[in-house]
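Participant: Got input_6.csv for you, CSV, C-alpha atoms:
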chain,number,residue,atom,x,y,z
A,1,MET,CA,0.0,0.0,0.0
A,2,LYS,CA,1.3,3.4,-0.9
A,3,PHE,CA,0.9,6.7,1.0
A,4,ALA,CA,1.4,10.0,-0.8
A,5,VAL,CA,2.6,12.8,1.4
A,6,ILE,CA,1.9,16.1,-0.3
A,7,VAL,CA,4.6,18.7,0.2
A,8,PHE,CA,3.7,22.4,-0.1
A,9,PRO,CA,6.3,25.1,0.3
A,10,GLY,CA,6.2,25.6,4.1
A,11,SER,CA,5.0,22.1,5.0
A,12,ASN,CA,7.0,21.0,8.0
A,13,CYS,CA,5.4,17.8,9.2
A,14,ASP,CA,5.8,16.1,5.9
A,15,HIS,CA,8.7,14.1,7.2
A,16,ASP,CA,6.8,13.1,10.3
A,17,ALA,CA,4.0,11.7,8.2
A,18,TYR,CA,6.5,9.9,5.9
A,19,HIS,CA,8.4,8.5,8.9
A,20,ALA,CA,5.2,7.2,10.5
A,21,THR,CA,3.8,5.5,7.4
A,22,LYS,CA,7.1,4.3,6.0
A,23,HIS,CA,9.2,3.4,9.0
A,24,VAL,CA,6.7,2.8,11.8
A,25,LEU,CA,3.9,1.3,9.7
A,26,GLY,CA,6.2,-0.3,7.2
A,27,GLN,CA,4.2,0.8,4.2
A,28,ASP,CA,5.4,2.3,1.0
A,29,ALA,CA,5.4,6.1,1.1
A,30,GLU,CA,6.4,8.9,-1.3
A,31,PHE,CA,6.6,12.7,-1.1
A,32,VAL,CA,4.5,14.4,-3.8
A,33,TRP,CA,5.6,18.0,-4.5
A,34,HIS,CA,2.8,20.6,-4.8
A,35,LYS,CA,3.6,21.2,-8.5
A,36,ASP,CA,3.2,17.6,-9.4
A,37,THR,CA,0.0,16.7,-11.2
A,38,THR,CA,-0.3,13.1,-10.3
A,39,LEU,CA,-0.3,11.3,-6.9
A,40,LYS,CA,2.2,8.7,-8.2
A,41,GLY,CA,-0.3,5.8,-7.8
A,42,ALA,CA,-0.9,6.3,-4.1
A,43,ASP,CA,-3.7,4.5,-2.3
A,44,VAL,CA,-3.8,7.0,0.5
A,45,VAL,CA,-3.1,10.8,0.5
A,46,ILE,CA,-1.9,12.7,3.5
A,47,LEU,CA,-1.9,16.5,3.6
A,48,PRO,CA,0.6,17.2,6.4
A,49,GLY,CA,0.9,19.9,8.9
A,50,GLY,CA,3.0,23.1,8.7
A,51,PHE,CA,2.7,26.5,7.3
A,52,SER,CA,2.0,26.2,3.6
A,53,TYR,CA,2.9,29.4,1.8
A,54,GLY,CA,3.7,30.9,5.2
A,55,ASP,CA,0.1,31.0,6.1
A,56,TYR,CA,-0.2,34.1,3.9
A,57,LEU,CA,-3.7,35.5,3.4
A,58,ARG,CA,-5.3,32.7,5.5
A,59,THR,CA,-4.1,29.3,6.6
A,60,GLY,CA,-4.3,26.9,3.7
A,61,ALA,CA,-5.7,29.6,1.4
A,62,ILE,CA,-3.0,29.6,-1.2
A,63,ALA,CA,-2.2,25.9,-1.1
A,64,GLN,CA,-5.7,25.1,-2.3
A,65,PHE,CA,-4.7,26.5,-5.7
A,66,SER,CA,-1.5,24.3,-6.0
A,67,PRO,CA,-1.4,22.2,-9.2
A,68,VAL,CA,-1.4,19.0,-7.2
A,69,MET,CA,-4.8,19.8,-5.7
A,70,THR,CA,-6.5,19.0,-8.9
A,71,ALA,CA,-5.3,15.4,-8.5
A,72,VAL,CA,-6.3,15.5,-4.8
A,73,ARG,CA,-9.8,16.6,-5.7
A,74,GLU,CA,-10.1,13.8,-8.3
A,75,PHE,CA,-8.8,11.3,-5.8
A,76,ALA,CA,-11.4,12.5,-3.2
A,77,GLY,CA,-14.1,12.3,-5.9
A,78,SER,CA,-13.2,8.7,-6.6
A,79,GLY,CA,-13.6,7.8,-3.0
A,80,GLY,CA,-9.9,7.6,-2.1
A,81,PRO,CA,-8.9,8.1,1.5
A,82,ILE,CA,-7.4,11.5,2.4
A,83,LEU,CA,-6.2,12.6,5.8
A,84,GLY,CA,-5.5,16.3,6.4
A,85,ILE,CA,-3.5,16.9,9.5
A,86,CYS,CA,-3.4,20.4,11.1
A,87,ASN,CA,-2.4,22.7,8.2
A,88,GLY,CA,-3.6,19.9,5.9
A,89,PHE,CA,-7.1,20.1,7.6
A,90,GLN,CA,-7.0,23.9,7.0
A,91,VAL,CA,-6.1,23.3,3.3
A,92,LEU,CA,-9.0,20.8,2.9
A,93,CYS,CA,-11.4,23.4,4.4
A,94,GLU,CA,-10.2,26.1,2.1
A,95,ALA,CA,-10.4,23.7,-0.8
A,96,LYS,CA,-14.0,23.0,0.1
A,97,LEU,CA,-13.3,19.3,0.4
A,98,LEU,CA,-14.4,19.7,4.0
A,99,PRO,CA,-17.0,22.3,5.3
A,100,GLY,CA,-16.2,25.1,7.7
A,101,ALA,CA,-13.0,27.0,8.5
A,102,LEU,CA,-10.3,27.2,11.2
A,103,LEU,CA,-10.1,30.5,13.0
A,104,ARG,CA,-7.5,32.0,15.3
A,105,ASN,CA,-7.5,30.2,18.6
A,106,LYS,CA,-9.9,31.9,21.0
A,107,ASP,CA,-7.2,32.8,23.5
A,108,LEU,CA,-4.8,34.0,20.6
A,109,LYS,CA,-2.1,31.6,21.9
A,110,PHE,CA,-0.3,29.0,19.9
A,111,HIS,CA,-1.0,25.7,21.7
A,112,CYS,CA,1.7,23.1,21.7
A,113,GLU,CA,0.8,20.3,24.1
A,114,HIS,CA,-0.7,16.8,24.4
A,115,VAL,CA,-4.5,16.8,24.6
A,116,GLY,CA,-7.2,14.2,25.0
A,117,VAL,CA,-9.1,13.5,21.7
A,118,ARG,CA,-12.2,11.3,21.8
A,119,VAL,CA,-13.0,9.2,18.8
A,120,GLU,CA,-16.7,10.0,18.0
A,121,GLN,CA,-17.2,7.8,14.9
A,122,THR,CA,-15.5,4.7,13.7
A,123,SER,CA,-17.2,4.6,10.3
A,124,THR,CA,-14.3,6.3,8.4
A,125,PRO,CA,-11.3,4.7,6.8
A,126,PHE,CA,-9.1,6.4,9.4
A,127,THR,CA,-11.0,5.3,12.5
A,128,ASN,CA,-12.4,1.8,11.7
A,129,ARG,CA,-9.9,0.2,14.0
A,130,ALA,CA,-10.6,2.5,16.9
A,131,SER,CA,-13.6,2.1,19.3
A,132,ALA,CA,-16.3,4.8,19.7
A,133,GLY,CA,-15.5,6.8,22.8
A,134,GLN,CA,-11.9,5.8,22.8
A,135,VAL,CA,-9.6,8.6,24.2
A,136,LEU,CA,-6.4,9.2,22.3
A,137,LYS,CA,-3.5,11.2,23.7
A,138,LEU,CA,-2.3,13.3,20.8
A,139,PRO,CA,-0.1,16.4,20.4
A,140,ILE,CA,-1.5,19.6,19.0
A,141,ALA,CA,0.6,22.5,17.7
A,142,HIS,CA,-1.4,25.3,16.2
A,143,GLY,CA,-2.4,28.9,16.4
A,144,GLU,CA,-5.5,28.6,14.2
A,145,GLY,CA,-7.4,25.5,15.1
A,146,ASN,CA,-10.7,27.0,16.3
A,147,TYR,CA,-13.2,25.1,14.2
A,148,PHE,CA,-16.1,27.2,12.9
A,149,ALA,CA,-19.1,26.5,10.7
A,150,ASP,CA,-22.4,28.2,10.3
A,151,GLN,CA,-25.2,26.8,12.4
A,152,VAL,CA,-26.9,24.9,9.6
A,153,THR,CA,-23.6,23.2,8.6
A,154,LEU,CA,-22.8,22.4,12.2
A,155,GLU,CA,-26.2,20.8,12.7
A,156,GLN,CA,-25.7,18.8,9.5
A,157,LEU,CA,-22.3,17.6,10.7
A,158,GLU,CA,-23.7,16.5,14.0
A,159,SER,CA,-26.8,14.9,12.7
A,160,SER,CA,-24.9,12.9,10.0
A,161,GLY,CA,-22.2,11.7,12.4
A,162,ARG,CA,-19.5,13.6,10.6
A,163,VAL,CA,-17.8,14.9,13.8
A,164,ILE,CA,-15.1,12.3,14.0
A,165,PHE,CA,-12.9,13.7,16.9
A,166,ARG,CA,-13.6,16.0,19.8
A,167,TYR,CA,-11.3,17.4,22.4
A,168,CYS,CA,-11.8,15.9,25.8
A,169,ASP,CA,-10.3,15.5,29.3
A,170,ASN,CA,-8.5,12.4,30.4
A,171,GLY,CA,-11.8,10.8,31.3
A,172,GLY,CA,-13.3,11.4,27.9
A,173,ARG,CA,-15.6,14.2,29.0
A,174,ILE,CA,-16.2,17.1,26.6
A,175,ALA,CA,-15.8,20.3,28.5
A,176,ASP,CA,-14.8,23.9,27.8
A,177,GLU,CA,-11.7,23.4,30.0
A,178,ALA,CA,-10.6,20.5,27.7
A,179,ASN,CA,-11.1,22.6,24.5
A,180,PRO,CA,-7.8,24.2,23.7
A,181,ASN,CA,-8.8,26.6,21.0
A,182,GLY,CA,-12.5,27.5,21.2
A,183,SER,CA,-13.7,25.1,18.5
A,184,LEU,CA,-17.5,24.8,18.2
A,185,ASN,CA,-18.8,21.7,20.0
A,186,GLY,CA,-15.2,20.8,20.9
A,187,ILE,CA,-14.6,19.7,17.3
A,188,ALA,CA,-11.1,18.4,16.6
A,189,GLY,CA,-11.8,16.6,13.4
A,190,ILE,CA,-14.5,16.0,10.8
A,191,CYS,CA,-15.1,14.1,7.6
A,192,ASN,CA,-16.9,14.8,4.3
A,193,ASP,CA,-20.3,13.6,3.3
A,194,ARG,CA,-18.8,10.5,1.7
A,195,ARG,CA,-16.6,9.9,4.8
A,196,ASN,CA,-13.4,9.3,2.8
A,197,VAL,CA,-11.9,12.7,3.5
A,198,VAL,CA,-11.0,13.3,7.1
A,199,GLY,CA,-9.3,16.4,8.6
A,200,LEU,CA,-8.1,17.0,12.2
A,201,MET,CA,-6.0,19.5,14.0
A,202,PRO,CA,-4.1,17.1,16.4
A,203,HIS,CA,-1.1,15.3,15.0
A,204,PRO,CA,-1.5,11.5,15.0
A,205,GLU,CA,1.7,11.1,13.0
A,206,ARG,CA,3.7,12.5,15.9
A,207,ALA,CA,2.2,9.9,18.3
A,208,CYS,CA,3.1,6.6,16.7
A,209,GLU,CA,6.1,5.6,18.9
A,210,SER,CA,6.4,5.3,22.7
A,211,ALA,CA,9.6,7.4,22.5
A,212,LEU,CA,7.4,10.3,21.4
A,213,GLY,CA,5.2,10.0,24.4
A,214,SER,CA,2.2,8.3,22.8
A,215,GLU,CA,1.4,5.6,20.3
A,216,ASP,CA,-2.3,6.5,20.2
A,217,GLY,CA,-2.0,8.1,16.7
A,218,LEU,CA,-1.1,4.8,15.1
A,219,VAL,CA,-4.7,3.6,15.1
A,220,LEU,CA,-5.5,6.1,12.3
A,221,PHE,CA,-2.9,4.6,10.0
A,222,ASP,CA,-3.7,1.1,11.0
A,223,SER,CA,-7.3,1.8,10.2
A,224,VAL,CA,-6.7,3.0,6.7
A,225,VAL,CA,-4.4,0.0,6.0
A,226,ALA,CA,-7.2,-2.3,7.2
A,227,SER,CA,-9.8,-0.4,5.3
A,228,LEU,CA,-7.9,-0.7,2.0
A,229,ALA,CA,-7.0,-4.3,2.6
A,230,SER,CA,-10.6,-5.2,3.2
A,231,SER,CA,-11.7,-3.3,0.1
A,232,GLY,CA,-9.3,-5.2,-2.0
A,233,ALA,CA,-7.1,-2.2,-3.0
A,234,LEU,CA,-4.0,-4.2,-1.9
A,235,MET,CA,-4.7,-6.8,-4.6
A,236,ALA,CA,-4.0,-4.2,-7.3
B,1,MET,CA,-7.5,51.5,-12.2
B,2,ARG,CA,-7.3,50.7,-8.6
B,3,ALA,CA,-9.7,48.5,-6.6
B,4,ARG,CA,-9.7,48.6,-2.8
B,5,VAL,CA,-11.0,45.4,-1.2
B,6,PHE,CA,-12.0,45.4,2.5
B,7,VAL,CA,-12.3,41.9,4.0
B,8,THR,CA,-14.0,41.5,7.4
B,9,LEU,CA,-15.1,38.7,9.6
B,10,LYS,CA,-18.9,38.1,9.4
B,11,PRO,CA,-20.7,39.5,12.5
B,12,SER,CA,-21.5,35.9,13.6
B,13,VAL,CA,-17.8,35.1,13.8
B,14,PHE,CA,-16.0,35.9,17.0
B,15,ASP,CA,-12.9,38.0,16.5
B,16,PRO,CA,-10.5,37.4,19.4
B,17,GLN,CA,-7.9,39.9,18.0
B,18,GLY,CA,-10.4,42.7,17.7
B,19,ARG,CA,-11.6,41.9,21.3
B,20,THR,CA,-8.1,42.0,22.6
B,21,ILE,CA,-7.4,45.4,20.9
B,22,ALA,CA,-10.7,46.8,22.4
B,23,GLU,CA,-9.7,45.6,25.9
B,24,SER,CA,-6.3,47.1,25.5
B,25,LEU,CA,-7.8,50.4,24.4
B,26,HIS,CA,-10.1,50.3,27.5
B,27,SER,CA,-7.1,49.6,29.7
B,28,MET,CA,-5.4,52.6,28.2
B,29,GLY,CA,-8.2,54.8,29.3
B,30,TYR,CA,-10.1,55.2,26.1
B,31,VAL,CA,-13.9,55.5,26.6
B,32,GLY,CA,-16.6,55.3,24.1
B,33,ILE,CA,-15.1,52.5,22.1
B,34,SER,CA,-17.5,49.6,22.5
B,35,ASP,CA,-16.0,47.1,20.1
B,36,VAL,CA,-13.2,46.6,17.6
B,37,ARG,CA,-13.3,44.3,14.6
B,38,GLN,CA,-10.0,43.5,12.8
B,39,GLY,CA,-10.0,43.0,9.0
B,40,LYS,CA,-7.8,43.0,5.9
B,41,TYR,CA,-7.3,45.6,3.2
B,42,PHE,CA,-6.1,44.9,-0.3
B,43,GLU,CA,-5.2,47.3,-3.2
B,44,LEU,CA,-5.5,45.8,-6.7
B,45,GLU,CA,-4.0,47.6,-9.7
B,46,LEU,CA,-6.2,46.6,-12.6
B,47,ASP,CA,-6.2,46.9,-16.3
B,48,ALA,CA,-9.8,47.4,-16.9
B,49,PRO,CA,-11.6,49.6,-19.5
B,50,SER,CA,-14.4,50.7,-17.1
B,51,ALA,CA,-15.2,51.0,-13.5
B,52,ASP,CA,-17.9,48.3,-13.9
B,53,GLN,CA,-15.5,45.8,-15.4
B,54,ALA,CA,-12.9,46.7,-12.7
B,55,ARG,CA,-15.5,46.0,-10.0
B,56,GLU,CA,-16.5,42.7,-11.7
B,57,LEU,CA,-12.8,41.6,-11.8
B,58,ALA,CA,-12.1,42.6,-8.2
B,59,SER,CA,-15.3,40.9,-7.0
B,60,ASP,CA,-14.3,37.7,-8.7
B,61,VAL,CA,-10.9,37.8,-7.1
B,62,ALA,CA,-12.3,38.8,-3.7
B,63,SER,CA,-14.9,36.0,-3.6
B,64,ARG,CA,-12.6,33.3,-4.8
B,65,VAL,CA,-9.3,34.2,-3.1
B,66,LEU,CA,-9.2,37.3,-0.9
B,67,ALA,CA,-12.1,36.4,1.3
B,68,ASN,CA,-13.3,33.0,2.6
B,69,PRO,CA,-17.1,33.2,2.3
B,70,VAL,CA,-17.5,30.8,5.2
B,71,ILE,CA,-16.2,33.3,7.7
B,72,GLU,CA,-15.7,36.6,5.9
B,73,SER,CA,-17.5,39.2,3.8
B,74,TYR,CA,-16.0,41.9,1.6
B,75,ARG,CA,-16.6,45.4,0.2
B,76,ILE,CA,-15.0,46.9,-2.9
B,77,GLU,CA,-14.2,50.5,-3.8
B,78,ILE,CA,-13.1,51.4,-7.3
B,79,GLY,CA,-11.0,54.4,-8.3
Can the structure in the file be given as structure tokens, please?
Facilitator:
Amino acid sequence: MKFAVIVFPGSNCDHDAYHATKHVLGQDAEFVWHKDTTLKGADVVILPGGFSYGDYLRTGAIAQFSPVMTAVREFAGSGGPILGICNGFQVLCEAKLLPGALLRNKDLKFHCEHVGVRVEQTSTPFTNRASAGQVLKLPIAHGEGNYFADQVTLEQLESSGRVIFRYCDNGGRIADEANPNGSLNGIAGICNDRRNVVGLMPHPERACESALGSEDGLVLFDSVVASLASSGALMA
Amino acid sequence: MRARVFVTLKPSVFDPQGRTIAESLHSMGYVGISDVRQGKYFELELDAPSADQARELASDVASRVLANPVIESYRIEIG
């Protein structure tokens, strides 16, 4: 199975994602430059964290127009699994592959810490090996992770089970004190209508080895491997 | 021709930077400033034969790139 890690100018978690998928997971992985027009035959696409285009204009705003995004849109349209992490989540929102937007953190501070993240839904390619209600210990590192959507969109996300991750305390409780950035409904990650595109602000790729303080992020990558294996993509 | 594009957060979107500026002004002793909203300002130099066409071009750019309609609205001045 092959992972494509998209590299925009200013991406800085691309190597983390590559390391997690290639060396920890033992899968094939390849960097794909933002000017490339194909995904090099990848089965899974990761939009990594960082500061694409220096966060100029808005986070993820310029990256949505990169040449590679045409291929990413087509991949999304064909049902291919896409994971947007941190800045990758912001890019997916700007590209309209996911609804809503990420605003400046409510307290205006850049948060760099491990937080509790509750898995709300397991019916996505990136959470099928997790259990509903499972609490993951994942690092966050962002200044603009405050998820916002208009009321109608928010209600649609909630009623259709498209809120995939929420910030929580160690006991799995959703509370304002456990919400690091002011996200509506404590939202840390969502998926699209078809459920193949998932975006989240926390960094699962930085939590795949005990030496890094947590292995809880591995379940996202194990899930997509299992998902593709069961769908027969590995036979190709 | 020059287009000036003002991008602001929609009223329904909380603006923590504006709030912090307002609180700072209050702590400096300013009175009569009930709120501050921070936005962005762009100047576009355009090759357009008429003001209407300049506005149309600026509007296209503003809605597609300069503003994110999920959270922001924009206003354009020509000339």
Participant: Applying 9 Å and only C-alpha atoms, which residues near Ala48 in chain B remain after dropping the ones on its own chain fewer than 6 positions away? List them as number ranges by chain.
Facilitator: B: 1, 54, 57
Participant: If the cut-off is 8 Å, can you tell me the residues of chain B near chain A, counting all atoms listed in the file? I'd like them as a short mmCIF file (atom, residue, chain, number, x, y, z; two decimals) with C-alpha atoms, in the frame of the given file.
Facilitator:
data_model
loop_
_atom_site.label_atom_id
_atom_site.label_comp_id
_atom_site.auth_asym_id
_atom_site.auth_seq_id
_atom_site.Cartn_x
_atom_site.Cartn_y
_atom_site.Cartn_z
CA PRO B 16 -10.50 37.40 19.40
CA GLN B 17 -7.90 39.90 18.00
CA VAL B 65 -9.30 34.20 -3.10
CA LEU B 66 -9.20 37.30 -0.90
CA ASN B 68 -13.30 33.00 2.60
CA VAL B 70 -17.50 30.80 5.20
CA ILE B 71 -16.20 33.30 7.70
#
Participant: Enter the distance from CA of Gly79 in chain A to CA of Ser160 in chain A, in Å, rounded to one decimal.
Facilitator: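 Computed distance, CA of Gly79 in chain A to CA of Ser160 in chain A, equals 18.0 Å.
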Participant: So, with all atoms listed in the file as the atoms that count, which of A:Phe165, A:Phe110, A:Tyr53, A:Phe126 lies closest to Glu144 in chain A?
Facilitator: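 Answer, going by the shortest atom-to-atom distance: A:Phe110.
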Participant: Could you please determine the separation between CA of Ile78 in chain B and CA of Arg37 in chain B in Å, to one decimal place?
Facilitator: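 These two atoms are separated by 23.0 Å.
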Participant: Which is closer to Leu83 in chain A than all the others in A:Ser131, A:Gln27, A:Thr124, A:Ser159, using only C-alpha atoms?
Facilitator: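 Ranking A:Ser131, A:Gln27, A:Thr124, A:Ser159 by distance to Leu83 in chain A, first place goes to A:Thr124.
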Participant: Scan for residues within 10 Å of the point (7.2, 4.6, 11.9) in the coordinates of the file, using only C-alpha atoms, and reply as JSON, numbers by chain.
Facilitator: {"A": [16, 17, 18, 19, 20, 21, 22, 23, 24, 25, 26, 27, 205, 206, 207, 208, 209, 218]}
Participant: Just to confirm, what's the straight-line distance from CA of Gly50 in chain A to CA of Asn179 in chain A in Å (one decimal)?
Facilitator: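 Interatomic distance here is 21.2 Å.
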